[in-house]
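So the structure is just underneath, and the comments pick up after that.
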Protein chains: 2
Amino acid sequence: PGAPISAEQARREQELTDRVVASFANTPGNPRLKYLMETFVKHAHAFVREVRLTEQEWNLWIDFLTKAGHITDDRRQEFVLLSDVLGISMQTIAVNNEAYRDATEATVFGPFFVDDAPLIENGGDIAGGAPGEPSWVEGTVTDTDGTPIPGARIEVWEADDEGLYDVQHTEEQQVYGRAHLFSDEHGGYRFWGLTPTPYPIPNDGPVGKLLDAVGRSPYRAAHLHFMVVAEGYRTLVTHIFVEGDPQLERGDSVFGVKDSLIKTFSRHEAGEPTPDGRQLPPDRSWSSVRFDIVLAPQGA
Amino acid sequence: PGAPISAEQARREQELTDRVVASFANTPGNPRLKYLMETFVKHAHAFVREVRLTEQEWNLWIDFLTKAGHITDDRRQEFVLLSDVLGISMQTIAVNNEAYRDATEATVFGPFFVDDAPLIENGGDIAGGAPGEPSWVEGTVTDTDGTPIPGARIEVWEADDEGLYDVQHTEEQQVYGRAHLFSDEHGGYRFWGLTPTPYPIPNDGPVGKLLDAVGRSPYRAAHLHFMVVAEGYRTLVTHIFVEGDPQLERGDSVFGVKDSLIKTFSRHEAGEPTPDGRQLPPDRSWSSVRFDIVLAPQGA
Ligand SMILES: [Cu+2]
Ligand SMILES: [Fe+3]
Ligand SMILES: [Fe+3]
């Protein structure tokens, strides 16, 4: 947009960028920091020059960061939200989890993981009394040659059917919707969880205002979180998504969706026998899903 | 740095960037915002991909912004400082003040301007009792054809010889080191100020830590601020710098220096007669400088 700039103007702008880049030349003992700062400056200046940023727009951006800083505290992280809704978090995940054969793809970690979630037996229930439709989840953990990985630590966590994680309830201290289990000697795992439901990211702050202004939904596509840790393998942080979830069409607000992570949650009418013979309430429908997890080797 | 990535990995990363860019497609009624967000995302993702940002580095950046947010209040603006020390403020000035013939170059506004600084007569004193070496400043205001511009409003402000602006003294409410005057019927102006001295930007926060880590000085080169407003002309915000100031070699912490803005402050021994016959204390040396101001037309 706008008229092309003169050669003299382009020279002045480039000279400024070069001068700023050169200012990091004497970074003591940290070549990586030097490289990060130089490269950050190049892209930031390229942005300002490309869009011909006005001083008013620059002021709005400063004001946005200031407001984000002031809403951020121990429970709320607006800068992470900003990184999330601009796909910067997801891109960081992508560059740190390079494609390796058919290894399961990674996605965003999210803010709701908790250390020391309860241990359950294979086949146990992670819901812990949280409201929602029961969902039977099963699969295997293998390497990229199909060899089973026994004893892999599988952390799973999810929101209840109101779209809230246990830690979002400020009143109650009850732990629910999260647990860890270990794959069995054949690499198999299975547990009862809840059919995932979509939920919005916190949208009462500047990031919410930004999403509004650009006509975007704050909702995340429905998902169930996994983290899988096994000795000798790259730790996998991922979700599975629900085939047919209308939010997949509207777009996941943090860009966490990968086609390979969309799974078929089969619907089962109330009364249909469950895989492990569990007796559900007579009017309770349920779902089931298969998720086979493939781990890349450490350092891949 | 690092091994080249696979074609499949590059495809996944590009697909993610494309998906985030596409998410702004339905921005309602604000094509400029849409364009800004799309372009910002492209450069931010290009940065993450180019440096292969680690998750630990991403965490440090989030932590940096959080700390910057928490130190920012009505008197302290760490995000502006960050923009300043990365040359982003100066680049924004540059794109909004395009080179136009021999019009005087602009530089950073800085945080210390105050509206309603006292009016002085041409030849008056802006120091207001601030400590420092008196400096006689004179010049003309003309257009780029050399035609004088009478009645231009000239705002000037500067730090005292301890490197502090009046507004940085939290105790006293005294106004000093700032004033405004108008060019006379020949476009001429003249006033007494102080020979400028270098001062550091506030460096007890995260930006100061960053400057330390990259081995950079927080000092600004000594300068005297000008803002010149005249009907029909582009408002000029600039400084003049002091030829021979050693900080010019070390680098101005906010990249405000332009060669064309470095001026010769001539030294005068105590007792040498002053241009306007002012009697200075008998042991008081002084300086003098000429700064001819050339304004670009409005909209240039
Ligand atoms: Cu870029
Ligand atoms: Fe989640
Ligand atoms: Fe200043």
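We name chains A, B, ... following the order of the structure tokens; residues begin at 1 in each chain, and ligands are numbered from 1 as shown.
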Give one line per residue of chain B that approaches ligand 1 to at most 9 Å, naming the two atoms of the closest pair and their distance in Å to one decimal, counting only C-alpha atoms and all ligand atoms; sort by chain then ascending residue number and deliver it as a Markdown table.
| residue | atom | partner | partner_atom_place_in_ligand_line | distance |
| --- | --- | --- | --- | --- |
| B:Thr39 | CA | ligand 1 | 1 (Cu) | 8.7 |
| B:Phe40 | CA | ligand 1 | 1 (Cu) | 8.3 |
| B:Lys42 | CA | ligand 1 | 1 (Cu) | 6.7 |
| B:His43 | CA | ligand 1 | 1 (Cu) | 3.6 |
| B:Ala44 | CA | ligand 1 | 1 (Cu) | 6.6 |
| B:His45 | CA | ligand 1 | 1 (Cu) | 7.9 |
| B:Ala46 | CA | ligand 1 | 1 (Cu) | 5.6 |
| B:Phe47 | CA | ligand 1 | 1 (Cu) | 6.3 |
Prev. selection, C-alpha atoms, output as a tab-separated table (two decimals), in the first residue's frame:
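Saved to again_24.tsv:
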chain	number	residue	atom	x	y	z
B	39	THR	CA	1.86	-9.20	7.95
B	40	PHE	CA	2.78	-9.35	11.64
B	42	LYS	CA	4.19	-13.68	8.60
B	43	HIS	CA	7.22	-11.98	10.14
B	44	ALA	CA	6.71	-13.51	13.61
B	45	HIS	CA	6.45	-17.01	12.17
B	46	ALA	CA	9.43	-16.40	9.88
B	47	PHE	CA	11.45	-15.46	12.98
Checklist entry - So which residues are near ligand 2, meaning at most 12 Å away with only C-alpha atoms and all ligand atoms counted, given back as a PyMOL selection string? => result chain A and resi 107-114+156-160+163-168+177-178+196-202+219-226+237-241+252-254+256-257
Next on the checklist: Please check the contacts: residues of chain A at most 7 Å away from chain B, using only C-alpha atoms, listed as a PyMOL selection string.
Outcome noted: chain A and resi 8-9+13+20+24+26-28+34+36+39-41+43+45+47-49+51-55+62+66+69-70+79-80+86-88+91-92+94-96+98-99+213-215
Item to check | Residues flagged strand (DSSP E or B) by DSSP in segment 19-165 of chain A, as an NGL selection string | outcome: :A and (119 or 125 or 134-143 or 148 or 153-157)
Export, as a CSV table (one decimal), in the first residue's frame, the selected residues with N, CA, C and O atoms.
chain,number,residue,atom,x,y,z
A,119,LEU,N,-2.7,-41.4,39.7
A,119,LEU,CA,-2.3,-42.6,38.9
A,119,LEU,C,-3.6,-43.5,38.8
A,119,LEU,O,-4.3,-43.7,39.8
A,125,ASP,N,-10.8,-44.8,35.3
A,125,ASP,CA,-11.6,-43.7,34.9
A,125,ASP,C,-10.9,-42.4,35.3
A,125,ASP,O,-10.5,-42.2,36.5
A,134,PRO,N,-19.5,-40.3,29.2
A,134,PRO,CA,-18.4,-41.2,29.3
A,134,PRO,C,-17.8,-41.5,27.9
A,134,PRO,O,-18.6,-41.7,26.9
A,135,SER,N,-16.5,-41.7,27.8
A,135,SER,CA,-15.9,-42.0,26.5
A,135,SER,C,-14.8,-43.0,26.8
A,135,SER,O,-13.9,-42.8,27.7
A,136,TRP,N,-14.8,-44.1,26.1
A,136,TRP,CA,-13.8,-45.2,26.2
A,136,TRP,C,-12.7,-44.9,25.2
A,136,TRP,O,-12.9,-44.8,24.0
A,137,VAL,N,-11.5,-44.7,25.7
A,137,VAL,CA,-10.4,-44.4,24.9
A,137,VAL,C,-9.4,-45.5,24.9
A,137,VAL,O,-9.0,-46.0,26.0
A,138,GLU,N,-8.9,-46.0,23.8
A,138,GLU,CA,-7.9,-47.1,23.8
A,138,GLU,C,-7.0,-47.0,22.6
A,138,GLU,O,-7.3,-46.3,21.6
A,139,GLY,N,-5.8,-47.6,22.7
A,139,GLY,CA,-4.9,-47.6,21.7
A,139,GLY,C,-3.6,-48.3,22.1
A,139,GLY,O,-3.5,-48.9,23.1
A,140,THR,N,-2.5,-48.1,21.3
A,140,THR,CA,-1.2,-48.6,21.6
A,140,THR,C,-0.2,-47.5,21.6
A,140,THR,O,-0.4,-46.5,20.9
A,141,VAL,N,0.9,-47.8,22.2
A,141,VAL,CA,2.1,-46.9,22.1
A,141,VAL,C,3.2,-47.7,21.5
A,141,VAL,O,3.5,-48.8,22.0
A,142,THR,N,3.6,-47.3,20.3
A,142,THR,CA,4.7,-48.0,19.6
A,142,THR,C,5.8,-47.0,19.1
A,142,THR,O,5.6,-45.8,19.1
A,143,ASP,N,6.9,-47.6,18.6
A,143,ASP,CA,7.8,-46.8,17.9
A,143,ASP,C,7.5,-46.7,16.4
A,143,ASP,O,6.5,-47.3,16.0
A,148,PRO,N,5.9,-52.4,20.0
A,148,PRO,CA,5.2,-51.8,21.2
A,148,PRO,C,6.2,-51.2,22.2
A,148,PRO,O,7.3,-51.7,22.4
A,153,ARG,N,4.6,-43.6,30.1
A,153,ARG,CA,3.8,-42.8,31.0
A,153,ARG,C,2.8,-41.9,30.2
A,153,ARG,O,3.3,-41.1,29.4
A,154,ILE,N,1.6,-42.1,30.4
A,154,ILE,CA,0.6,-41.4,29.6
A,154,ILE,C,-0.2,-40.5,30.5
A,154,ILE,O,-0.9,-41.0,31.4
A,155,GLU,N,0.0,-39.2,30.3
A,155,GLU,CA,-0.8,-38.2,31.1
A,155,GLU,C,-2.0,-37.8,30.2
A,155,GLU,O,-1.8,-37.5,29.0
A,156,VAL,N,-3.2,-37.8,30.8
A,156,VAL,CA,-4.3,-37.3,30.0
A,156,VAL,C,-5.1,-36.3,30.8
A,156,VAL,O,-5.1,-36.4,32.0
A,157,TRP,N,-5.6,-35.2,30.2
A,157,TRP,CA,-6.4,-34.2,30.9
A,157,TRP,C,-7.4,-33.6,30.0
A,157,TRP,O,-7.2,-33.5,28.8
Next on the checklist: I need the residues in segment 22-166 of chain B that are alpha helix (DSSP H) according to DSSP; give them as a ChimeraX atom specification.
Outcome noted: /B:22,31-51,55-71,78-85,88-96
Checklist entry - Hey, can you check how far atom CA of Pro4 of chain A sits from atom CA of Met227 of chain B? => result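 Atom CA of Met227 of chain B lies at a distance of 27.3 Å from atom CA of Pro4 of chain A.
Take atom CA of Arg234 of chain B and atom CA of Asp259 of chain B: the distance between them is 20.9 Å.
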If you count only C-alpha atoms, which residues fall within 9 Å of Glu231 of chain B, apart from same-chain ones fewer than 4 positions away, as a compact mmCIF listing (two decimals) with N, CA and C atoms, in the first residue's frame?
# COMPACT_ATOMS: atom_id res chain seq x y z
N ALA B 152 6.92 30.09 13.33
CA ALA B 152 6.93 28.65 13.63
C ALA B 152 7.06 28.47 15.14
N THR B 235 5.15 18.47 10.80
CA THR B 235 5.71 18.71 12.13
C THR B 235 7.02 17.94 12.27
N GLN B 298 3.66 19.86 4.38
CA GLN B 298 2.65 18.93 4.88
C GLN B 298 2.38 17.86 3.84
Checklist entry - atom CA of Lys263 of chain B to atom CA of Pro246 of chain B: how many Å, to one decimal? => result 13.9 Å
